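Asks: Sharing final_33.csv below, CSV, C-alpha atoms and all ligand atoms:
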```csv
chain,number,residue,atom,x,y,z
M,22,MET,CA,12.3,-5.1,-18.9
M,23,ARG,CA,8.7,-4.5,-17.8
M,24,VAL,CA,8.2,-2.6,-14.5
M,25,LEU,CA,4.8,-2.6,-12.9
M,26,VAL,CA,3.9,0.8,-11.4
M,27,THR,CA,0.9,1.0,-9.1
M,28,GLY,CA,-1.2,4.2,-8.6
M,29,GLN,CA,-1.7,4.9,-12.3
M,30,THR,CA,-3.4,8.3,-11.9
M,31,GLY,CA,-0.9,9.6,-9.2
M,32,GLN,CA,1.9,12.2,-9.6
M,33,ILE,CA,4.8,9.8,-9.5
M,34,ALA,CA,3.2,7.0,-11.6
M,35,ARG,CA,2.3,9.6,-14.3
M,36,SER,CA,5.8,11.1,-14.1
M,37,MET,CA,7.3,7.6,-14.7
M,38,GLY,CA,5.1,7.4,-17.7
M,39,GLU,CA,6.7,10.5,-19.1
M,40,LEU,CA,10.2,9.0,-18.9
M,41,GLN,CA,11.7,7.3,-22.0
M,42,THR,CA,14.3,4.8,-21.0
M,43,PRO,CA,15.8,2.2,-23.3
M,44,LEU,CA,16.0,-0.3,-20.6
M,45,PHE,CA,12.6,-0.2,-18.9
M,46,ASP,CA,9.0,-0.3,-20.0
M,47,PHE,CA,6.9,1.2,-17.3
M,48,VAL,CA,3.4,-0.3,-17.1
M,49,SER,CA,1.2,1.6,-14.7
M,50,VAL,CA,-2.0,0.2,-13.5
M,51,GLY,CA,-4.7,1.7,-11.2
M,52,ARG,CA,-8.0,1.1,-9.6
M,53,PRO,CA,-10.3,-0.8,-10.2
M,54,ILE,CA,-7.9,-3.2,-12.1
M,55,LEU,CA,-5.3,-3.0,-9.4
M,56,ASP,CA,-6.4,-2.1,-5.9
M,57,LEU,CA,-4.0,-2.4,-3.0
M,58,THR,CA,-6.8,-3.6,-0.7
M,59,ASP,CA,-7.8,-6.4,-3.1
M,60,ARG,CA,-5.1,-9.1,-3.0
M,61,ALA,CA,-6.6,-11.0,-6.0
M,62,SER,CA,-6.3,-7.9,-8.2
M,63,LEU,CA,-2.6,-7.6,-7.3
M,64,GLU,CA,-2.0,-11.3,-8.1
M,65,ALA,CA,-3.8,-10.9,-11.4
M,66,ALA,CA,-1.9,-7.7,-12.4
M,67,PHE,CA,1.5,-9.3,-11.6
M,68,ALA,CA,0.6,-12.5,-13.5
M,69,ASP,CA,-0.6,-10.4,-16.5
M,70,ILE,CA,2.4,-8.1,-16.7
M,71,GLU,CA,5.2,-10.4,-15.5
M,72,PRO,CA,7.3,-7.5,-14.4
M,73,PHE,CA,11.0,-7.5,-13.5
M,74,ALA,CA,10.3,-5.2,-10.6
M,75,VAL,CA,7.4,-3.3,-9.0
M,76,VAL,CA,7.3,0.4,-8.0
M,77,ASN,CA,4.6,0.9,-5.4
M,78,ALA,CA,3.5,4.5,-6.0
M,79,ALA,CA,-0.1,4.1,-4.9
M,80,ALA,CA,-1.0,5.5,-1.5
M,81,TYR,CA,-3.6,7.3,0.6
M,82,THR,CA,-2.1,10.8,0.5
M,83,ALA,CA,-4.8,13.0,2.0
M,84,VAL,CA,-2.9,14.2,5.0
M,85,ASP,CA,-5.6,16.1,6.9
M,86,LYS,CA,-8.4,13.6,5.9
M,87,ALA,CA,-6.3,10.7,7.3
M,88,GLU,CA,-6.8,12.2,10.8
M,89,THR,CA,-10.4,11.1,10.7
M,90,GLU,CA,-9.9,8.1,8.4
M,91,GLU,CA,-6.8,6.5,9.9
M,92,ALA,CA,-8.1,2.9,9.2
M,93,ALA,CA,-8.6,3.8,5.5
M,94,ALA,CA,-5.0,5.2,5.4
M,95,PHE,CA,-3.6,2.1,7.0
M,96,ALA,CA,-5.6,-0.2,4.7
M,97,VAL,CA,-3.8,1.2,1.7
M,98,ASN,CA,-0.5,2.5,3.1
M,99,CYS,CA,0.3,-0.3,5.5
M,100,GLU,CA,-1.7,-3.5,4.7
M,101,GLY,CA,-1.9,-2.6,0.9
M,102,ALA,CA,1.8,-1.8,0.6
M,103,GLY,CA,2.7,-5.0,2.5
M,104,ALA,CA,0.5,-7.0,0.1
M,105,VAL,CA,2.3,-5.6,-2.9
M,106,ALA,CA,5.6,-6.5,-1.4
M,107,ALA,CA,4.4,-10.0,-0.5
M,108,VAL,CA,3.0,-10.7,-4.0
M,109,ALA,CA,6.4,-9.5,-5.5
M,110,ARG,CA,8.2,-11.8,-3.1
M,111,GLY,CA,6.1,-14.7,-4.1
M,112,ARG,CA,7.2,-14.1,-7.7
M,113,GLY,CA,10.8,-13.5,-6.7
M,114,ILE,CA,11.0,-9.9,-7.7
M,115,PRO,CA,12.1,-6.7,-5.9
M,116,ILE,CA,9.9,-3.8,-4.8
M,117,ILE,CA,10.7,-0.1,-4.8
M,118,HIS,CA,8.3,1.6,-2.3
M,119,LEU,CA,7.7,5.3,-1.8
M,120,SER,CA,7.6,6.8,1.7
M,121,THR,CA,7.6,10.3,3.2
M,122,ASP,CA,9.4,12.9,5.3
M,123,TYR,CA,6.2,12.9,7.5
M,124,VAL,CA,7.5,9.7,9.3
M,125,PHE,CA,9.7,12.1,11.3
M,126,ALA,CA,8.7,14.3,14.2
M,127,GLY,CA,10.4,17.3,12.8
M,128,ASP,CA,12.2,18.4,16.0
M,129,LYS,CA,15.8,17.6,14.9
M,130,ALA,CA,18.1,20.5,14.4
M,131,GLY,CA,19.8,19.3,11.2
M,132,PRO,CA,18.8,17.1,8.2
M,133,TYR,CA,17.4,13.7,9.0
M,134,VAL,CA,19.5,10.6,8.1
M,135,GLU,CA,18.3,7.1,7.5
M,136,ALA,CA,19.5,6.0,11.0
M,137,ASP,CA,17.3,8.6,12.8
M,138,LYS,CA,14.3,7.2,14.6
M,139,PRO,CA,11.0,8.0,13.0
M,140,ASP,CA,8.3,9.4,15.2
M,141,PRO,CA,5.3,10.4,13.0
M,142,GLN,CA,3.0,13.1,14.4
M,143,SER,CA,0.1,12.5,12.0
M,144,ALA,CA,-2.2,9.5,11.0
M,145,TYR,CA,-0.8,9.7,7.5
M,146,GLY,CA,2.8,9.6,8.8
M,147,ARG,CA,2.0,6.6,11.1
M,148,SER,CA,0.4,4.7,8.2
M,149,LYS,CA,3.4,5.3,6.0
M,150,LEU,CA,5.9,4.2,8.7
M,151,ALA,CA,3.8,1.1,9.3
M,152,GLY,CA,3.9,0.6,5.5
M,153,GLU,CA,7.7,0.8,5.4
M,154,GLN,CA,7.8,-1.9,8.1
M,155,ALA,CA,5.3,-4.1,6.3
M,156,VAL,CA,7.2,-3.9,3.0
M,157,ALA,CA,10.5,-4.7,4.7
M,158,ALA,CA,9.0,-7.6,6.6
M,159,ALA,CA,7.3,-9.1,3.5
M,160,ASN,CA,10.1,-8.8,0.9
M,161,PRO,CA,13.8,-8.7,1.7
M,162,ALA,CA,14.4,-7.4,-1.9
M,163,HIS,CA,13.1,-3.9,-1.2
M,164,VAL,CA,14.2,-0.3,-1.7
M,165,ILE,CA,12.2,2.2,0.3
M,166,LEU,CA,12.6,5.7,-0.9
M,167,ARG,CA,11.6,8.5,1.4
M,168,THR,CA,10.8,11.7,-0.6
M,169,ALA,CA,9.0,14.9,0.3
M,170,TRP,CA,6.9,17.8,-0.8
M,171,VAL,CA,6.1,16.3,-4.3
M,172,TYR,CA,4.8,18.5,-7.0
M,173,SER,CA,4.2,18.0,-10.7
M,174,PRO,CA,1.7,19.1,-13.5
M,175,PHE,CA,-0.4,16.0,-12.4
M,176,GLY,CA,-3.0,15.6,-9.7
M,177,SER,CA,-3.1,17.9,-6.8
M,178,ASN,CA,-0.1,19.3,-5.0
M,179,PHE,CA,1.1,22.5,-3.3
M,180,LEU,CA,2.5,24.1,-6.5
M,181,LYS,CA,-0.9,23.7,-8.3
M,182,THR,CA,-2.8,24.9,-5.2
M,183,MET,CA,-0.6,28.1,-5.2
M,184,LEU,CA,-1.2,28.8,-8.9
M,185,ARG,CA,-4.9,28.3,-8.4
M,186,LEU,CA,-5.0,30.7,-5.3
M,187,ALA,CA,-3.0,33.3,-7.3
M,188,GLU,CA,-5.8,33.4,-9.9
M,189,ASP,CA,-8.0,35.5,-7.7
M,190,ARG,CA,-5.7,36.8,-4.9
M,191,ASP,CA,-2.8,39.3,-4.8
M,192,VAL,CA,-1.6,37.9,-1.5
M,193,VAL,CA,-1.4,34.3,-0.3
M,194,ARG,CA,-0.6,33.5,3.4
M,195,VAL,CA,1.9,30.7,3.7
M,196,VAL,CA,3.7,29.2,6.7
M,197,GLY,CA,7.4,30.1,7.1
M,198,ASP,CA,8.3,27.9,10.0
M,199,GLN,CA,8.2,24.5,8.4
M,200,GLN,CA,11.3,23.4,6.5
M,201,GLY,CA,11.8,20.7,3.9
M,202,THR,CA,12.7,20.1,0.3
M,203,PRO,CA,10.2,20.5,-2.6
M,204,THR,CA,10.8,17.6,-5.0
M,205,TYR,CA,9.7,17.5,-8.6
M,206,ALA,CA,8.0,14.2,-9.5
M,207,LEU,CA,9.8,14.0,-12.8
M,208,ASP,CA,13.1,14.1,-10.9
M,209,ILE,CA,11.7,11.3,-8.6
M,210,ALA,CA,11.0,9.2,-11.7
M,211,GLU,CA,14.6,9.7,-12.8
M,212,GLY,CA,15.8,8.7,-9.3
M,213,ILE,CA,13.6,5.6,-9.4
M,214,SER,CA,15.2,4.7,-12.8
M,215,ALA,CA,18.6,5.0,-11.3
M,216,VAL,CA,17.6,2.5,-8.6
M,217,LEU,CA,16.1,0.1,-11.2
M,218,ARG,CA,19.4,0.3,-13.2
M,219,ARG,CA,21.4,-0.7,-10.1
M,220,ILE,CA,19.0,-3.6,-9.3
M,221,ALA,CA,19.2,-4.8,-12.9
M,222,GLU,CA,23.0,-4.9,-12.7
M,223,ASP,CA,22.8,-7.2,-9.7
M,224,PRO,CA,19.3,-8.5,-9.2
M,225,ALA,CA,20.4,-11.2,-6.6
M,226,GLY,CA,22.6,-8.7,-4.8
M,227,SER,CA,21.9,-7.4,-1.3
M,228,GLU,CA,23.9,-4.2,-1.2
M,229,TRP,CA,21.2,-2.0,-2.8
M,230,ARG,CA,18.5,-3.2,-0.3
M,231,GLY,CA,17.3,-0.8,2.4
M,232,THR,CA,15.8,2.6,3.1
M,233,TYR,CA,17.1,5.8,1.5
M,234,HIS,CA,16.3,9.5,1.5
M,235,MET,CA,15.7,10.8,-2.0
M,236,VAL,CA,14.8,14.5,-2.3
M,237,ALA,CA,16.0,17.4,-4.5
M,238,GLU,CA,19.0,19.4,-3.6
M,239,GLY,CA,18.6,22.3,-1.2
M,240,GLU,CA,15.9,23.2,1.3
M,241,ALA,CA,13.1,25.7,1.7
M,242,THR,CA,10.1,26.7,3.9
M,243,TRP,CA,6.7,26.4,2.4
M,244,ALA,CA,6.6,30.2,2.1
M,245,GLU,CA,9.9,30.2,0.2
M,246,PHE,CA,8.5,27.5,-2.1
M,247,ALA,CA,5.5,29.6,-2.7
M,248,GLU,CA,7.6,32.7,-3.4
M,249,THR,CA,9.6,30.8,-6.0
M,250,ILE,CA,6.5,29.4,-7.6
M,251,PHE,CA,5.1,32.9,-8.0
M,252,ALA,CA,8.4,34.3,-9.3
M,253,GLU,CA,8.6,31.6,-12.0
M,254,ALA,CA,4.9,32.1,-12.9
M,255,GLU,CA,5.5,35.8,-13.2
M,256,LYS,CA,8.3,35.2,-15.7
M,257,THR,CA,5.7,33.4,-17.9
M,258,GLY,CA,3.3,36.4,-17.9
M,259,GLN,CA,1.2,35.8,-14.8
M,260,ALA,CA,0.3,38.7,-12.6
M,261,ALA,CA,2.5,39.2,-9.5
M,262,THR,CA,1.4,37.5,-6.3
M,263,ARG,CA,2.9,38.3,-2.9
M,264,VAL,CA,3.5,35.8,-0.1
M,265,GLU,CA,2.5,36.9,3.4
M,266,VAL,CA,4.8,34.7,5.7
M,267,ILE,CA,2.8,33.4,8.7
M,268,SER,CA,3.4,30.9,11.5
M,269,THR,CA,2.1,27.4,11.8
M,270,GLU,CA,-0.2,28.6,14.6
M,271,GLU,CA,-1.8,31.1,12.2
M,272,TYR,CA,-2.6,28.2,9.7
M,273,PRO,CA,-4.3,25.6,11.8
M,274,THR,CA,-4.7,22.1,10.2
M,275,PRO,CA,-6.2,18.8,11.4
M,276,ALA,CA,-2.8,17.1,10.9
M,277,LYS,CA,0.4,18.2,12.5
M,278,ARG,CA,3.3,18.7,10.0
M,279,PRO,CA,7.0,18.4,10.9
M,280,ALA,CA,8.7,21.8,11.6
M,281,ASN,CA,11.9,20.3,10.1
M,282,SER,CA,11.7,17.5,7.5
M,283,ARG,CA,15.0,18.2,5.7
M,284,MET,CA,16.6,14.9,4.8
M,285,ALA,CA,20.3,14.1,3.9
M,286,THR,CA,20.7,12.2,0.6
M,287,ASN,CA,24.3,11.1,0.9
M,288,ALA,CA,23.4,7.4,1.2
M,289,PHE,CA,21.2,7.5,-1.9
M,290,ARG,CA,23.9,9.3,-3.9
M,291,LYS,CA,26.6,6.8,-2.8
M,292,GLN,CA,24.6,3.6,-3.4
M,293,PHE,CA,22.9,4.6,-6.7
M,294,GLY,CA,25.4,7.1,-8.2
M,295,HIS,CA,22.6,9.6,-8.8
M,296,GLN,CA,21.7,13.1,-7.4
M,297,LEU,CA,18.4,14.9,-7.9
M,298,PRO,CA,18.7,18.5,-9.2
M,299,ALA,CA,18.1,21.6,-7.1
M,300,TRP,CA,14.5,22.1,-6.2
M,301,GLN,CA,14.3,25.6,-7.8
M,302,ALA,CA,15.2,24.0,-11.2
M,303,GLY,CA,12.3,21.7,-10.8
M,304,VAL,CA,9.8,24.5,-10.1
M,305,GLU,CA,10.9,26.2,-13.4
M,306,ARG,CA,10.6,23.0,-15.4
M,307,CYS,CA,7.2,22.2,-13.8
M,308,ILE,CA,5.7,25.6,-14.6
M,309,THR,CA,7.1,25.3,-18.2
M,310,ALA,CA,5.5,21.9,-18.5
M,311,ILE,CA,2.1,23.1,-17.2
M,312,ASN,CA,2.2,26.0,-19.6
M,313,SER,CA,2.8,23.6,-22.5
M,314,GLY,CA,-0.3,21.7,-21.5
M,315,LEU,CA,1.1,18.8,-19.7
M,316,GLY,CA,-1.2,17.5,-17.0
M,317,VAL,CA,-4.4,19.1,-18.3
M,318,MET,CA,-7.4,16.9,-18.3
M,319,GLY,CA,-7.6,14.6,-21.2
M,320,ARG,CA,-3.9,14.3,-21.9
M,321,THR,CA,-2.6,11.0,-20.8
M,322,SER,CA,1.1,11.1,-21.7
M,401,LIG,N1,2.6,13.8,-2.6
M,401,LIG,C1,3.6,14.1,-1.8
M,401,LIG,O1,4.0,15.2,-1.5
M,401,LIG,C2,4.5,13.0,-1.3
M,401,LIG,C3,4.2,11.6,-1.7
M,401,LIG,N2,5.0,10.6,-1.1
M,401,LIG,C4,4.7,9.2,-1.4
M,401,LIG,O2,4.9,9.0,-2.8
M,401,LIG,C5,3.9,8.1,-3.3
M,401,LIG,C6,3.2,8.7,-4.5
M,401,LIG,O3,2.6,9.9,-4.2
M,401,LIG,P1,1.8,10.8,-5.2
M,401,LIG,O4,2.2,10.4,-6.6
M,401,LIG,O5,1.9,12.2,-4.8
M,401,LIG,O6,0.4,10.3,-4.9
M,401,LIG,P2,-1.0,10.8,-5.5
M,401,LIG,O7,-1.9,11.2,-4.4
M,401,LIG,O8,-0.8,11.7,-6.7
M,401,LIG,O9,-1.6,9.5,-6.1
M,401,LIG,C7,-2.0,8.4,-5.3
M,401,LIG,C8,-2.3,7.2,-6.2
M,401,LIG,O10,-2.6,6.1,-5.4
M,401,LIG,C9,-3.8,5.6,-5.9
M,401,LIG,N3,-4.5,4.8,-4.8
M,401,LIG,C10,-5.1,5.2,-3.7
M,401,LIG,N4,-5.6,4.2,-3.1
M,401,LIG,C11,-5.4,3.1,-3.8
M,401,LIG,C12,-5.7,1.7,-3.7
M,401,LIG,N5,-6.4,1.2,-2.7
M,401,LIG,N6,-5.3,0.8,-4.6
M,401,LIG,C13,-4.7,1.3,-5.7
M,401,LIG,N7,-4.3,2.6,-5.9
M,401,LIG,C14,-4.7,3.5,-4.9
M,401,LIG,C15,-4.7,6.7,-6.4
M,401,LIG,O11,-5.6,6.2,-7.2
M,401,LIG,P3,-7.1,6.9,-7.5
M,401,LIG,O12,-7.0,7.8,-8.6
M,401,LIG,O13,-7.9,5.7,-7.8
M,401,LIG,O14,-7.5,7.5,-6.1
M,401,LIG,C16,-3.6,7.5,-7.1
M,401,LIG,O15,-3.3,7.0,-8.3
M,401,LIG,C17,3.1,7.7,-2.1
M,401,LIG,O16,3.6,6.6,-1.5
M,401,LIG,C18,3.2,8.9,-1.2
M,401,LIG,O17,3.0,8.5,0.1
M,401,LIG,C19,6.1,10.9,-0.4
M,401,LIG,C20,6.4,12.1,0.0
M,401,LIG,C21,5.7,13.3,-0.5
M,402,LIG,C1,-2.6,25.7,0.9
M,402,LIG,C2,-1.8,26.3,1.9
M,402,LIG,C3,-1.0,25.5,2.8
M,402,LIG,N1,-0.3,26.1,3.7
M,402,LIG,C4,0.6,25.2,4.6
M,402,LIG,C5,-0.2,24.1,5.3
M,402,LIG,C6,1.0,23.1,5.5
M,402,LIG,O1,1.7,23.4,6.7
M,402,LIG,C7,1.8,23.3,4.3
M,402,LIG,C8,1.7,22.3,3.1
M,402,LIG,O2,0.3,22.2,2.9
M,402,LIG,P1,-0.4,21.1,2.0
M,402,LIG,O3,-1.6,20.6,2.8
M,402,LIG,O4,-0.6,21.6,0.7
M,402,LIG,O5,0.7,19.9,1.9
M,402,LIG,P2,0.7,18.5,2.6
M,402,LIG,O6,-0.5,17.7,2.1
M,402,LIG,O7,1.0,18.6,4.0
M,402,LIG,O8,2.0,17.9,1.8
M,402,LIG,C9,2.5,16.7,2.2
M,402,LIG,O9,1.8,15.7,1.4
M,402,LIG,C10,2.2,14.3,1.8
M,402,LIG,C11,1.5,13.4,0.9
M,402,LIG,C12,3.6,14.1,2.0
M,402,LIG,O10,4.1,13.0,2.0
M,402,LIG,C13,4.5,15.3,2.4
M,402,LIG,O11,5.9,15.2,2.0
M,402,LIG,C14,4.0,16.6,2.0
M,402,LIG,O12,4.2,16.9,0.6
M,402,LIG,O13,1.5,24.6,3.8
M,402,LIG,C15,-0.3,27.5,3.9
M,402,LIG,O14,0.4,28.0,4.8
M,402,LIG,N2,-1.0,28.3,3.1
M,402,LIG,C16,-1.8,27.7,2.1
M,402,LIG,O15,-2.5,28.5,1.4
```
Using the file provided, produce a representation of the structure as structure tokens.
Replies:
Amino acid sequence: MRVLVTGQTGQIARSMGELQTPLFDFVSVGRPILDLTDRASLEAAFADIEPFAVVNAAAYTAVDKAETEEAAAFAVNCEGAGAVAAVARGRGIPIIHLSTDYVFAGDKAGPYVEADKPDPQSAYGRSKLAGEQAVAAANPAHVILRTAWVYSPFGSNFLKTMLRLAEDRDVVRVVGDQQGTPTYALDIAEGISAVLRRIAEDPAGSEWRGTYHMVAEGEATWAEFAETIFAEAEKTGQAATRVEVISTEEYPTPAKRPANSRMATNAFRKQFGHQLPAWQAGVERCITAINSGLGVMGRTS
């Protein structure tokens, strides 16, 4: 069964390309062939590939830049996502759409559940929440997966930024008062496959439809995430790097991040019979993958 994956060069699309599944053939397509802001390019890609389902992994993800480019973020994350969902609906196929922990304000004491009211504090978060609504309105056959703090050997992400900073620093300053769950993109790809298997069992069904939180097991602050990255890198021979734990006020950024973006995954586990591994295990596997050359320029699979 062919599955169209948008956002070919992105972390999640590339991670899906790494998966070998007997059931699904992931076909990822990117700009300029498939552009979320160009409806004709979407129609053409769907007609060409004739997928059983679409995974919308394309997005405007530059969180700070979005503060001054909110319209550009909305064009991709809201109108674009809605267009992918509408084209899928027109062909009678389901959409799996990725969203984010940044739809929440971050002031809840415990982990967020799906029933909690989103209240994004950043332009990126607002564009992603509007995208969730556009997808749900355009195609009843949707699964919206909110994930968080994605890292992988591909593209740019916090883990790769930390490894880069460690190349010429002994100490890196990282915020210790924002909590969430680092989630390895390869584990997200496995989670998406579990959703696709469930849909394939019952394509006309409605039980699987809806919004779910899908993150790795456990929780961390960005500082704890950085400490684990450096500890794992050290095991593979890199020089030791220390984390200086700082507060959000000491690391000013254009976009406000949630202080708490932990998310409960019970609903996902129950509906799809799948659980993502502990986040620390993902860090270890990611650093091993990077050291083996995965993600370096020029390598495509
Ligand atoms: N990164 C994270 O920490 C998190 C991500 N998410 C969500 O997961 C999804 C995937 O994220 P991730 O893999 O990290 O994303 P990346 O930033 O790694 O990749 C984004 C992809 O989207 C593509 N893209 C941007 N604009 C368009 C457009 N107009 N038309 C077509 N493609 C476009 C980019 O293509 P190009 O190379 O041409 O720019 C790129 O391939 C997104 O929905 C994101 O919001 C959720 C939580 C956390
Ligand atoms: C690079 C760096 C960041 N930080 C802080 C800033 C911020 O509060 C936090 C994370 O910074 P980043 O800008 O790397 O990550 P950010 O772009 O905010 O990551 C987010 O991306 C989007 C796409 C999502 O959907 C989110 O789930 C989340 O992963 O760490 C430091 O304290 N020290 C540093 O050296």
Asks: Where does chain M meet ligand LIG 402 (chain M) within 6 Å, residue by residue, with the nearest atom pair and distance in Å to one decimal for each, counting only C-alpha atoms and all ligand atoms, listed by chain and rising number, as CSV?
Replies:
```
residue,atom,partner,partner_atom,distance
M:Thr82,CA,M:LIG402,C11,4.5
M:Val84,CA,M:LIG402,O6,5.1
M:Thr121,CA,M:LIG402,O10,4.6
M:Asp122,CA,M:LIG402,O11,5.3
M:Tyr123,CA,M:LIG402,C13,5.9
M:Ala169,CA,M:LIG402,O11,3.5
M:Trp170,CA,M:LIG402,O12,3.2
M:Val171,CA,M:LIG402,O12,5.3
M:Phe179,CA,M:LIG402,O4,4.4
M:Arg194,CA,M:LIG402,N2,5.2
M:Val195,CA,M:LIG402,O14,3.3
M:Val196,CA,M:LIG402,O14,4.0
M:Trp243,CA,M:LIG402,O13,5.7
M:Tyr272,CA,M:LIG402,O14,5.7
M:Arg278,CA,M:LIG402,O1,6.0
```
Asks: Would you list the contacts of M:Cys99 as a count of residues only, taking every protein, DNA or RNA residue within 7 Å and counting only C-alpha atoms, but skipping same-chain residues closer than 6 positions in sequence?
Replies: 5
Asks: Taking all atoms listed in the file into account, which residues have an atom no farther than 7 Å from ligand LIG 401 (chain M)? I'd like them as a count of residues only.
Replies: 37
Asks: How many Å separate atom CA of M:Met235 from atom CA of M:Ala102?
Replies: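 Result for atom CA of M:Met235 versus atom CA of M:Ala102: 18.9 Å, one decimal.
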Asks: Could you name the residues that touch M:Trp229 at 8 Å or less, counting all atoms listed in the file, but leaving out those on the same chain fewer than 3 positions away, as a list in words?
Replies: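 So, after excluding close chain neighbours, the residues are Val164, Arg219, Ile220, Gly226, Gln292 and Phe293 of chain M.
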Asks: Which is closer to M:Ala74 than all the others in M:Val216, M:Ile54, M:Ala206, M:Ala285, using all atoms listed in the file?
Replies: M:Val216
Asks: With distances taken over only C-alpha atoms, which residue among M:Leu44, M:Met284, M:Ala61, M:Ala136 lies nearest M:Val236?
Replies: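 Closest residue, counting only C-alpha atoms: M:Met284.
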Asks: In Å, with one decimal, what is the gap from atom CA of M:Glu271 to atom CA of M:Glu248?
Replies: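 Separation between atom CA of M:Glu271 and atom CA of M:Glu248: 18.3 Å.
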Asks: Pick out the residues sitting within 12 Å of M:Lys86, and hand them over as a list in words; count only C-alpha atoms, and ignore anything fewer than 2 positions along from it in its own chain.
Replies: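 What passes the distance filter is Tyr81, Thr82, Ala83, Val84, Glu88, Thr89, Glu90, Glu91, Ala92, Ala93, Ala94, Ser143, Ala144, Tyr145, Thr274, Pro275, Ala276 and Lys277 of chain M.
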Asks: Excluding M:Ala299 and any residue of its chain fewer than 2 positions from it, enumerate the residues within 6 Å of it, using only C-alpha atoms, and give them as JSON, numbers by chain.
Replies: {"M": [237, 238, 239, 301, 302]}
Asks: With only C-alpha atoms as the basis for distance, which of M:Asp191, M:Glu240, M:Glu135, M:Glu245 is at the shortest distance from M:Thr204?
Replies: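 Among M:Asp191, M:Glu240, M:Glu135, M:Glu245, it is M:Glu240 that comes nearest to M:Thr204.
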Asks: Would you mind telling me which residue in M:Ala252, M:Ala104, M:Asp85, M:Thr42 lies nearest to M:Ile213 when using all atoms listed in the file?
Replies: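 Of M:Ala252, M:Ala104, M:Asp85, M:Thr42, the one nearest M:Ile213, counting all atoms listed in the file, is M:Thr42.
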Asks: What is the distance, in Å and to one decimal place, between atom CA of M:Arg23 and atom CA of M:Ile311?
Replies: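 For atom CA of M:Arg23 relative to atom CA of M:Ile311, the distance reads 28.4 Å.
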Asks: Select, from M:Glu153, M:Glu228, M:Glu100, M:Glu64, the residue with the minimum atom-to-atom distance to M:Val124, counting only C-alpha atoms.
Replies: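 Residue with the minimum atom-to-atom distance to M:Val124: M:Glu153.
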Asks: Go through M:Asp128, M:Asp223, M:Glu305, M:Glu39 and flag the residue nearest M:Phe246, using all atoms listed in the file for the distances.
Replies: M:Glu305
Asks: Residues within 9 Å of M:Val108, please, as a count of residues only. Count all atoms listed in the file; anything in the same chain fewer than 6 positions from it doesn't count.
Replies: 7
